[in-house]
Every structure is written in structure tokens, then in C-alpha cells.
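As provided, query_4.tsv (TSV, C-alpha atoms) reads as follows.
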```tsv
chain	number	residue	atom	x	y	z
A	1	MET	CA	-4.18	32.64	-13.84
A	2	ARG	CA	-0.43	32.65	-13.20
A	3	LEU	CA	1.07	33.03	-9.75
A	4	GLY	CA	3.42	35.93	-9.10
A	5	LYS	CA	6.81	35.32	-7.51
A	6	GLU	CA	5.49	35.86	-3.99
A	7	GLY	CA	2.51	33.57	-4.53
A	8	TYR	CA	4.75	30.88	-5.99
A	9	MET	CA	7.21	31.09	-3.10
A	10	ALA	CA	4.37	30.90	-0.56
A	11	LYS	CA	3.07	27.78	-2.29
A	12	VAL	CA	6.52	26.17	-2.23
A	13	GLU	CA	7.00	27.04	1.45
A	14	ASN	CA	3.66	25.47	2.32
A	15	GLN	CA	4.56	22.37	0.31
A	16	MET	CA	7.87	22.02	2.18
A	17	ALA	CA	6.13	22.59	5.54
A	18	VAL	CA	3.71	19.74	4.83
A	19	THR	CA	6.64	17.55	3.76
A	20	SER	CA	8.47	18.39	6.99
A	21	TYR	CA	5.39	17.51	9.03
A	22	LEU	CA	5.13	14.06	7.43
A	23	ARG	CA	8.88	13.47	7.64
A	24	HIS	CA	9.01	14.23	11.36
A	25	PHE	CA	5.84	12.26	12.06
A	26	ILE	CA	7.29	9.15	10.38
A	27	ALA	CA	10.75	9.65	11.91
A	28	ASN	CA	9.26	9.88	15.42
A	29	MET	CA	7.01	6.82	15.19
A	30	LYS	CA	7.99	4.08	17.61
A	31	HIS	CA	7.51	0.32	17.55
A	32	PRO	CA	6.14	-1.26	20.78
A	33	SER	CA	9.73	-2.41	21.43
A	34	GLY	CA	10.73	1.25	21.75
A	35	LYS	CA	12.84	1.20	18.59
A	36	PRO	CA	12.13	3.60	15.71
A	37	ARG	CA	9.36	2.26	13.47
A	38	PHE	CA	10.99	3.65	10.30
A	39	GLN	CA	14.47	4.41	9.01
A	40	MET	CA	14.64	7.72	7.15
A	41	LEU	CA	16.38	7.69	3.76
A	42	ASP	CA	16.05	11.27	2.48
A	43	GLY	CA	18.18	14.36	3.07
A	44	GLY	CA	15.97	15.93	5.70
A	45	ASP	CA	14.29	19.33	5.77
A	46	THR	CA	17.19	21.49	4.60
A	47	CYS	CA	18.44	19.74	1.48
A	48	CYS	CA	15.58	17.72	0.08
A	49	LEU	CA	12.80	17.87	-2.47
A	50	PRO	CA	9.17	17.68	-1.22
A	51	VAL	CA	9.55	13.90	-0.98
A	52	VAL	CA	9.65	11.74	2.15
A	53	SER	CA	11.74	8.59	1.68
A	54	ALA	CA	11.90	5.88	4.32
A	55	ARG	CA	11.73	2.18	4.99
A	56	LEU	CA	10.48	-0.01	7.79
A	57	ASN	CA	13.28	-0.37	10.31
A	58	PRO	CA	15.12	-3.61	9.36
A	59	ASP	CA	16.25	-4.03	13.00
A	60	LEU	CA	12.64	-4.82	13.97
A	61	GLY	CA	12.53	-8.07	11.96
A	62	LEU	CA	8.93	-7.42	10.89
A	63	HIS	CA	6.94	-10.10	9.06
A	64	TYR	CA	5.89	-7.60	6.38
A	65	ASP	CA	7.82	-5.21	4.16
A	66	ASP	CA	7.32	-1.79	2.56
A	67	ILE	CA	5.44	-3.28	-0.39
A	68	ASP	CA	2.94	-4.89	2.00
A	69	PHE	CA	2.72	-1.55	3.82
A	70	GLN	CA	1.97	0.17	0.48
A	71	HIS	CA	-0.83	-2.29	-0.35
A	72	ALA	CA	-2.37	-2.09	3.13
A	73	LEU	CA	-2.30	1.71	3.10
A	74	SER	CA	-3.93	1.79	-0.34
A	75	GLU	CA	-7.03	0.22	1.22
A	76	SER	CA	-7.46	3.55	3.05
A	77	HIS	CA	-7.31	5.32	-0.34
A	78	TRP	CA	-3.75	6.54	0.17
A	79	TYR	CA	-1.07	5.41	-2.26
A	80	VAL	CA	2.61	5.57	-1.39
A	81	SER	CA	5.16	4.18	-3.82
A	82	GLY	CA	6.89	1.04	-2.58
A	83	TYR	CA	10.11	-0.16	-4.22
A	84	SER	CA	12.41	-3.14	-4.14
A	85	LEU	CA	16.10	-2.22	-3.91
A	86	GLY	CA	17.00	-5.07	-6.20
A	87	PHE	CA	16.74	-5.51	-9.96
A	88	GLU	CA	16.99	-8.22	-12.57
A	89	ASN	CA	20.24	-7.74	-14.44
A	90	PRO	CA	19.46	-8.23	-18.17
A	91	MET	CA	23.07	-9.24	-18.81
A	92	ASN	CA	22.98	-12.35	-16.63
A	93	GLU	CA	19.27	-12.60	-15.63
A	94	GLN	CA	20.28	-12.55	-11.96
A	95	PHE	CA	18.44	-10.56	-9.27
A	96	GLU	CA	21.07	-8.17	-7.93
A	97	ASN	CA	21.45	-5.38	-5.37
A	98	LEU	CA	20.60	-1.88	-6.57
A	99	CYS	CA	22.86	-0.37	-3.89
A	100	GLU	CA	26.07	-1.74	-2.42
A	101	ASP	CA	25.03	-1.38	1.24
A	102	VAL	CA	21.67	-3.24	1.02
A	103	ASN	CA	20.65	-6.68	-0.19
A	104	ALA	CA	18.30	-7.25	-3.12
A	105	THR	CA	15.33	-8.15	-0.91
A	106	THR	CA	15.37	-4.74	0.83
A	107	THR	CA	12.37	-2.47	0.20
A	108	MET	CA	11.55	1.19	0.77
A	109	PHE	CA	8.75	3.67	0.14
A	110	ARG	CA	8.38	7.34	-0.65
A	111	ILE	CA	5.66	9.95	-0.31
A	112	VAL	CA	5.66	12.64	-2.99
A	113	VAL	CA	4.11	15.76	-1.47
A	114	LYS	CA	2.33	17.62	-4.26
A	115	SER	CA	1.22	21.22	-3.91
A	116	ASN	CA	-2.41	20.16	-3.41
A	117	LEU	CA	-1.60	18.00	-0.38
A	118	THR	CA	-2.84	20.24	2.42
A	119	GLN	CA	-1.91	20.05	6.09
A	120	SER	CA	-5.27	18.49	6.98
A	121	LEU	CA	-4.81	15.83	4.31
A	122	ALA	CA	-1.29	15.14	5.58
A	123	GLU	CA	-2.69	14.68	9.08
A	124	ASN	CA	-5.24	12.20	7.72
A	125	LEU	CA	-2.44	10.28	5.98
A	126	ALA	CA	-0.41	10.26	9.21
A	127	ASP	CA	-3.41	8.90	11.10
A	128	LYS	CA	-3.92	6.12	8.54
A	129	ILE	CA	-0.21	5.17	8.67
A	130	GLU	CA	-0.35	4.95	12.45
A	131	LYS	CA	-3.39	2.65	12.34
A	132	ILE	CA	-2.18	0.48	9.45
A	133	VAL	CA	1.14	-0.52	11.07
A	134	VAL	CA	-0.69	-1.62	14.23
A	135	VAL	CA	-2.99	-3.83	12.14
A	136	LEU	CA	-0.04	-5.30	10.23
A	137	ASP	CA	1.80	-6.00	13.49
A	138	ASP	CA	-1.17	-7.91	14.91
A	139	MET	CA	-2.13	-9.86	11.82
A	140	ASP	CA	-1.93	-13.66	12.14
A	141	ASP	CA	0.96	-15.10	10.13
A	142	GLY	CA	1.87	-11.60	9.00
A	143	TYR	CA	0.46	-9.77	6.01
A	144	GLN	CA	0.52	-13.03	4.04
A	145	SER	CA	-2.52	-14.30	5.95
A	146	ILE	CA	-4.87	-11.67	4.55
A	147	HIS	CA	-3.17	-11.79	1.15
A	148	SER	CA	-3.77	-15.54	0.85
A	149	LYS	CA	-7.44	-15.21	1.88
A	150	LEU	CA	-8.03	-12.59	-0.80
A	151	THR	CA	-6.16	-14.63	-3.41
A	152	ASP	CA	-8.36	-17.67	-2.68
A	153	LEU	CA	-11.48	-15.52	-3.06
A	154	ALA	CA	-10.20	-14.07	-6.33
A	155	ILE	CA	-9.63	-17.59	-7.70
A	156	GLU	CA	-13.14	-18.64	-6.69
A	157	ASP	CA	-14.58	-15.50	-8.33
A	158	ALA	CA	-12.71	-16.27	-11.57
A	159	GLU	CA	-14.11	-19.81	-11.56
A	160	ASP	CA	-17.63	-18.43	-11.10
A	161	GLU	CA	-17.14	-15.99	-13.98
A	162	ASP	CA	-15.98	-18.87	-16.20
A	163	LEU	CA	-19.11	-20.77	-15.24
A	164	LEU	CA	-21.31	-17.78	-16.08
A	165	LYS	CA	-19.69	-17.55	-19.52
A	166	SER	CA	-20.51	-21.18	-20.19
A	167	LEU	CA	-24.17	-20.85	-19.20
A	168	PRO	CA	-25.53	-19.44	-22.51
A	169	ASP	CA	-24.86	-22.83	-24.13
A	170	MET	CA	-27.43	-24.44	-21.80
A	171	GLY	CA	-31.20	-24.28	-22.15
A	172	LEU	CA	-32.81	-20.97	-21.14
A	173	PRO	CA	-34.81	-22.22	-18.11
A	174	LYS	CA	-31.75	-24.03	-16.71
A	175	ARG	CA	-29.49	-21.06	-17.47
A	176	SER	CA	-31.78	-18.65	-15.66
A	177	SER	CA	-31.85	-20.76	-12.50
A	178	MET	CA	-28.14	-21.57	-12.57
A	179	GLN	CA	-27.13	-17.99	-13.33
A	180	SER	CA	-29.18	-16.69	-10.42
A	181	GLN	CA	-27.52	-19.20	-8.08
A	182	VAL	CA	-24.00	-18.36	-9.25
A	183	GLN	CA	-24.62	-14.61	-9.06
A	184	LYS	CA	-25.83	-14.98	-5.45
A	185	SER	CA	-22.68	-16.95	-4.63
A	186	PHE	CA	-20.55	-14.34	-6.37
A	187	ARG	CA	-22.16	-11.48	-4.41
A	188	LYS	CA	-21.75	-13.42	-1.16
A	189	LYS	CA	-18.01	-13.82	-1.74
A	190	GLN	CA	-17.70	-10.15	-2.68
A	191	LEU	CA	-19.28	-9.23	0.66
A	192	LYS	CA	-16.95	-11.68	2.39
A	193	ARG	CA	-13.93	-10.06	0.75
A	194	THR	CA	-15.15	-6.61	1.78
A	195	SER	CA	-15.62	-7.87	5.33
A	196	ILE	CA	-12.09	-9.26	5.46
A	197	MET	CA	-10.62	-6.01	4.22
A	198	ALA	CA	-12.68	-3.92	6.65
A	199	GLN	CA	-11.75	-6.13	9.57
A	200	ASN	CA	-8.03	-6.37	8.90
A	201	ILE	CA	-7.04	-3.25	6.98
A	202	CYS	CA	-9.34	-0.24	7.36
```

Please go through the file and, once you have read it, give me the structure as C-alpha cells.
Amino acid sequence: MRLGKEGYMAKVENQMAVTSYLRHFIANMKHPSGKPRFQMLDGGDTCCLPVVSARLNPDLGLHYDDIDFQHALSESHWYVSGYSLGFENPMNEQFENLCEDVNATTTMFRIVVKSNLTQSLAENLADKIEKIVVVLDDMDDGYQSIHSKLTDLAIEDAEDEDLLKSLPDMGLPKRSSMQSQVQKSFRKKQLKRTSIMAQNIC
């Protein structure tokens, strides 16, 4: 079923209204210092696509960046695209600035507001953003602390999986006992990982 002109325009207007809601929510967020939490990078409500572009305010000197923010937010089942504003130049293999007025380590993010992103969903996303930045602010040693814990668990899991693959070469009685022990250890670490994520991210 195809939308008529009026139906299409109503859909576009709703899409832009949801975009405006998210843009203003992000623009008005404050850090505990009183400074703006984010720096807006898009053209605003009057001359912009249904896309919200921003970055964490560099004046805050935060211990995490927009890529960390993207990963943390994804744990709440929301995905925003994080980008580095640097690139590897294939001509000289150097990491260079993408824009003249920012350095190569600068990051940003954007939220693409599709037509199926309703106002209630946008409000849920706003709520998750508000909670995630507080968690990231309070995290010991910055976002890296949780990242390193999960990396260590992933390495241990990979070692356990390698051990499980080697078990068929052993005798059946020994394999059965050993496999049971390793699987219990594997499940325990999976629960530990889930606990870490629930405590620090969700």
C-alpha cells in the first residue's frame, strides 16, 4: 500500500519531530560541572536531515570517548554509530586528520532517525543515554576498567574452548569428567561477565 502525498508528508514531519526531540535532549544535557555534556555537530532543526550528530564535549576532558559511549549504549540494545575523525592515509600510511579543525584522535557519533523510530522509543533512548553517561563518569579508571575485565574473561573463555576441542583425543571416561568440569567453569565465567555488564553498564 503506497502512501499519498499527505500521508508521506505527515510521516516526514513526525520523523523530523522525533529528530528534533533527540537533538534538543542531547544539546541540553549537562555535565555535573555545569558545562554542556555534548557538542552538537549538525545543522539544527531547520536545515538538517533526520540525523542527530554530536560528540562528547572535549572541554570536559572525559576519560572515555564517543566510541566507548557507543559500546556502552549498545549494552542497552541501542546502537549509535561512533566514528573517529582520523584516517589512515594509503599514500603514506600515516594516521591523519579527517578535518582541518580537529585532531585525528577526535571522535563523534550520530543517531539516524528512521521513520519507525517513534516518540516513545526516542524517549527510551534518551533515558538510556542519560543513565549510561553517569555510569561512564563513575567507572573506576574510566571505561577501560570494564573493557579490560571483559577482555580477560574472553581470553579465558577462548582457552577453555581450546581445551574442550582437545578433549576428544583423551579416553572417554576422562573426557566426560574433564568436559563437565570445563563446561561448569565456562558457564561460571559467562555468568560473571553478565554480572559485570549488568553492574556497570545496564

Considering only C-alpha atoms, return as a ChimeraX atom specification whatever protein or nucleic-acid residues lie within 7 Å of A:Val51, sequence-local ones (same chain, fewer than 2 positions apart) excluded.
-> /A:19,49,53,110-113

Can you list, as an MDAnalysis selection string, every protein, DNA or RNA residue that comes within 12 Å of stretch 36-38 of chain A when you count only C-alpha atoms, leaving out same-chain residues fewer than 3 positions away?
-> chainID A and resid 23:33 41 52:62 65:66 69 107:110 129:130 133:134 137

Might you pull out every residue within 8 Å of A:Asp45, with all atoms listed in the file counted and same-chain residues fewer than 3 positions away left off, and present them as a list in words?
->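 After dropping sequence-adjacent residues, the list is Met16, Ser20 and Cys48 of chain A.
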
Interatomic distance, atom CA of A:Tyr64 to atom CA of A:Asn124 (Å, one decimal) |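 One can read the atom CA of A:Tyr64 to atom CA of A:Asn124 distance as 22.8 Å.
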
A straight line from atom CA of A:Ser120 to atom CA of A:Gln39 spans 24.3 Å

Non-local contacts of A:Glu88 (10 Å; only C-alpha atoms; under 4 positions in same chain excluded) as a list in words |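 Skipping anything fewer than 4 positions along the chain leaves Asn92, Glu93, Gln94, Phe95, Glu96, Asn97, Leu98 and Ala104 of chain A.
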